[in-house]
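Report on one structure; see the data block that follows.
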Amino acid sequence: MQFTESVFAARFQITRQDLEGYLAEALSRGGDYADLYFEYLLTSSISIDESMVKSAAQGVSMGVGVRVIAGERTGYAYSDDLSPERIRKAARVAAHIAAGPSKVDKFGLNELSRHNLYPVLTAPTETAFAERVELVKRADRAARAYDGRVFQVQAAYADNLRQVLVATSEGVLTLDRQPLARLSVSALARVNGGTPQRGHSGGGGRVELRYFQEEKTPEVFAREAAREAIAMLDAVDAPAGEMTVVLGPGWPGILLHEAVGHGLEADFNRKGVSAFSGRIGEKVASELCTVIDDGTINNRRGSLNVDDEGHATRRNVLIENGVLRGYLQDKLSSRLLGSESTGSGRRESYAHIPMPRMTNTFMLAGETEPEDIIRSVPRGLYCKNFGGGQVDITSGNFVFSASESYLIEDGKLTRPVRNATLIGNGPESLKYVSMVGNDLRLDEGIGVCGKEGQSVPVGVGIPTIRVDRMTVGGTA
Amino acid sequence: MTATNHLVELAQDVVKRALDAGATDAECTIAEGDEFSANVRMREIENLKEAGSRGLGLRILVGKKTGSSYTSDLSEEGVAQLLKSAIELADITTDDPHAGLPEAEELGSLPGDLGLYSPDIEKLETPVKIDAATRAEDAALSADPRIFNSEGASFDNHVGRHIFANSRGFAGEYRSSYCSLSTVPVARDGESMERDYWYSMARSFAGLEDPEYIGRTAALRALRRLNAKKVETRKRPVVFEPRTARTLLDSIFDAVHGMSIYRHESFLAGKLGEKVAGDNVTIIDDGTIPGLFGTSPFDDEGVPSRRTVVIDKGVLKSYLLNSYAARKLGLKTTGNASRGLAGNAGIGHGNFFIEKGVQSPDQILAGISDGFYVTELMGFGVNIVTGDYSRGAAGLWIRNGELTFAVSEVTIAGNLKEMLMNVEAIGSDLEFRGSEAAPTLKIGEMTVGGL
């Protein structure tokens, strides 16, 4: 996309000279750096409950965030009105952080080339609602048809199309058009009025609507949600205490997101408050573990052509054969640490200050057959699916909740167990990874990561792994 | 004409135009707010942020079909697009016999000043706010040599205006304000590093706790977590301090949420009138208490806020409902509608709290020879459908009535049905630091998962 074709130029008549003027205004009281983040966001959502499409909504929001950095200080202001007066006012408010002559030389804005990771011609948001509503109707029918014990189904489809423009006092001008869509299904099953059990599934990415019509259909997710609910009907109490845990492939990669990902975000490490601070080059995992954060995988939910500070995203090696290699850097941290941005500066919207975040975080595949990993465990827990997780980056302790898991007895999966939280310590847990499967799988594309009140879409992935020691929070 | 009247009239005008365009009913929400935040770290200013924004949401019914849209573009062009979009969307939804608005006689607004807005916040100069944050962090950093670092201190304030109008004749608005001050010190002793936080939130600047008190409290909390041990897996009494006890209310709210009830996805569904908790447990939702954070003159469907006894001496008396859930269940709305700008109304709570007991926290601890005092909970391991409860925890171990060593990297697990029936003690230390509040709670027995 060229600047002149963007919504900001075409609809709001913003020119390159305007952008340079706003940046100059932002630096009028001094400062080392300034940037503008323009956002024009269209969203839609449709949901079905009790086989009725009860809600359909769409919306538009737009705004610009102006940031000024002076040393370690950041001034930030935003406006949801894209008129020149209001943008200039926001620039003046952000400028207040600085005092003294500006250290920024004169610059001219140049459009940078960038990745083209989601060449989506027609974003789902731009398609007819009549087509999109079919997705939730099909999901509802398929989940109910899966098994007579399914008695409640909810399905929700949501998409958005975000158009962004980043202009910086380093002369960078980038534009991106970021489509995103997801379909999620929840099913409840019960036997003869007994205690119900829930199953969840969903997926999506930076894809065209065709993805849900041809590749991952509503039926795929609906059957998976129904299957999980039915499986859990026979669940027994989860065990409690330390034991061997085997994680299945895909979404259980949330382990990496919590155990190491957050702790490697550069803001925490610059400040020395992470359990991983100052440990580059140290062994923090077994040599079987190589962990990557990659924002450049085609059509993935966590991928971006450019991060929210205008840098191209990258494939970043976090842990290589067990050794800590690098942090995830944004503009501010890389300036202060004298390194370069890893393309990890992200924000929820124009109203938020960017910070280092993950994109798609996963572990490279090993060589072991997944069946051999399960067979190797005399007594333990196999976790197939998870809910959310959380980490305390300072102590390094993290949790994640198993929504579908099974006892392993004498190398075989036996009974399903009730929901249980697993807890571990980031810099320690991965040292107990003793087997890594050859079955790396990325998640289906529904992850949302929250940090300091800001939510961004992310992806995770992992092959089947065996962790020799982890605490399982059951009752038995 | 003041700006205030202008937005109420805009909301009424949007409703009228929706009816003209073919809607049979309509409701319009406008939210407007100004935010400010200052962060200080290691005694230096880190971030200053300041801005204002507003948005408008419309929900319409065409017969029993519903459509919604929202926009941050309040220009004529933006509003015209909003109307067109909502009407179009109604066409793809399904006739829902229970869709609708509250009845006209259910609508209204609480009279009088509810103490939600204080003008002193808007008048505060930035240096005063920075100074408050600086003092809070400094008090934490100065509290003990083991406080060696900090994630900083923040002062935040927000002033907002909420407007709602519908086609049954309701139009109302209220202003609100709050400010908050918090700090996050980091403590170290040898290899052990821990952080904790403390905060204060108030409708007025004068209502905030003293910055020095906030800093010292945060420091003491971080220090007492140092050198934590993992304990053996066992069943023991568990005491939740007020900050963690409050999170149990989140789960109880989810379990009495009208939408979860009609879908049978709550362990409390169908239990109205039944004993679901110990005789000592009374849980109330009250959106009418002046000055508190869960107070409002009307809910997000224009129904007056009220006081609802949810659990009375262990007996489930009421669910929390908006008009839709009420119609589904054959009940009356409890004035708990809650919504953002887009979509159908959901359900929220007012001031949701557990009534206090008579014992002091020390008296509760005194009766415990071997138990776990929980000061931090992690993760999302609560299943409202089954009541299964399993979360990561940290805290202090109780020996012979005293708090002894720090404990972390453990789990606590049980089932909410049993936990509610097994509340052995309720503290007298009820305090509102947000719209949910609980005193110290002792649960007779839970599984502590560790080694």
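The chains in the structure tokens are called A, B, ... from first to last as shown; in each chain the residues are counted from 1, and the ligands are counted from 1 in the order shown.
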Show me which bits of chain B are within 7 Å of chain A, counting only C-alpha atoms, as a PyMOL selection string. chain B and resi 45-53+66-72+89+92-94+96+193-195+233+263+342-344+378-381+385-386+388+390-392+409-414+447+449-451
Please return, as an MDAnalysis selection string, all residues of region 178-345 of chain B that DSSP assigns to strand (DSSP E or B) on the basis of the backbone. chainID B and resid 178:189 192:195 198:202 229 234:240 257 275 283:286 298 304 307:312 315:316 320 337:338
Expected file contents, prior selection, C-alpha atoms, as a short mmCIF file (atom, residue, chain, number, x, y, z; two decimals), in the first residue's frame:
```
data_model
loop_
_atom_site.label_atom_id
_atom_site.label_comp_id
_atom_site.auth_asym_id
_atom_site.auth_seq_id
_atom_site.Cartn_x
_atom_site.Cartn_y
_atom_site.Cartn_z
CA TYR B 178 -11.62 8.45 40.23
CA CYS B 179 -7.94 8.55 40.92
CA SER B 180 -5.55 5.87 42.05
CA LEU B 181 -2.04 5.63 43.38
CA SER B 182 0.02 2.43 43.34
CA THR B 183 3.59 1.23 43.64
CA VAL B 184 5.42 -2.05 42.90
CA PRO B 185 8.70 -2.50 44.82
CA VAL B 186 11.08 -5.40 44.20
CA ALA B 187 12.87 -7.09 47.11
CA ARG B 188 15.94 -9.33 47.00
CA ASP B 189 17.69 -11.53 49.51
CA SER B 192 15.36 -14.82 46.09
CA MET B 193 13.66 -11.95 44.26
CA GLU B 194 9.99 -10.98 44.82
CA ARG B 195 7.71 -8.09 44.01
CA TRP B 198 -0.22 -1.81 47.13
CA TYR B 199 -2.68 0.76 45.88
CA SER B 200 -5.41 3.14 46.86
CA MET B 201 -8.33 4.30 44.74
CA ALA B 202 -10.81 7.08 45.48
CA LYS B 229 9.50 -22.49 50.18
CA ARG B 234 -1.58 -31.97 51.86
CA LYS B 235 -5.11 -30.98 52.89
CA ARG B 236 -5.14 -28.01 55.27
CA PRO B 237 -7.24 -25.03 56.37
CA VAL B 238 -6.77 -22.10 53.99
CA VAL B 239 -7.17 -18.43 54.98
CA PHE B 240 -7.70 -15.87 52.23
CA HIS B 257 -24.83 -14.28 36.43
CA LYS B 275 -28.82 -23.71 50.92
CA ILE B 283 -23.49 -11.86 49.98
CA ILE B 284 -24.99 -8.60 48.77
CA ASP B 285 -24.92 -6.55 45.58
CA ASP B 286 -25.64 -2.89 46.27
CA PHE B 298 -29.11 3.58 36.70
CA PRO B 304 -32.38 2.18 38.67
CA ARG B 307 -29.62 -3.46 46.70
CA THR B 308 -30.02 -7.20 46.07
CA VAL B 309 -29.34 -9.85 48.68
CA VAL B 310 -27.81 -12.67 46.64
CA ILE B 311 -27.06 -15.16 49.42
CA ASP B 312 -28.80 -14.67 52.78
CA VAL B 315 -29.55 -19.48 51.17
CA LEU B 316 -29.43 -18.44 47.50
CA LEU B 320 -28.11 -10.95 39.11
CA ALA B 337 -27.36 -4.55 32.98
CA SER B 338 -23.83 -3.70 31.89
#
```
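CA of Thr288 (chain B) sits 16.4 Å away from CA of Glu106 (chain B).
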Please report the interatomic distance between CA of Phe221 (chain A) and CA of Gly199 (chain A) in Å with one decimal. 10.4 Å
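Distances here use only C-alpha atoms; by that measure, the residue among A:Val185, A:Val172, A:Leu304, A:Val246 closest to Ser376 (chain A) is A:Val246.
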10 Å contact set for region 1-12 of chain A, only C-alpha atoms, chain neighbours under 6 positions out, as an MDAnalysis selection string: chainID A and resid 38:40 82:84 111 113 163:165 173:177
Please measure the separation of CA of Gly322 (chain A) and CA of Cys449 (chain A), giving the value in Å to one decimal.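 So the answer is 24.5 Å.
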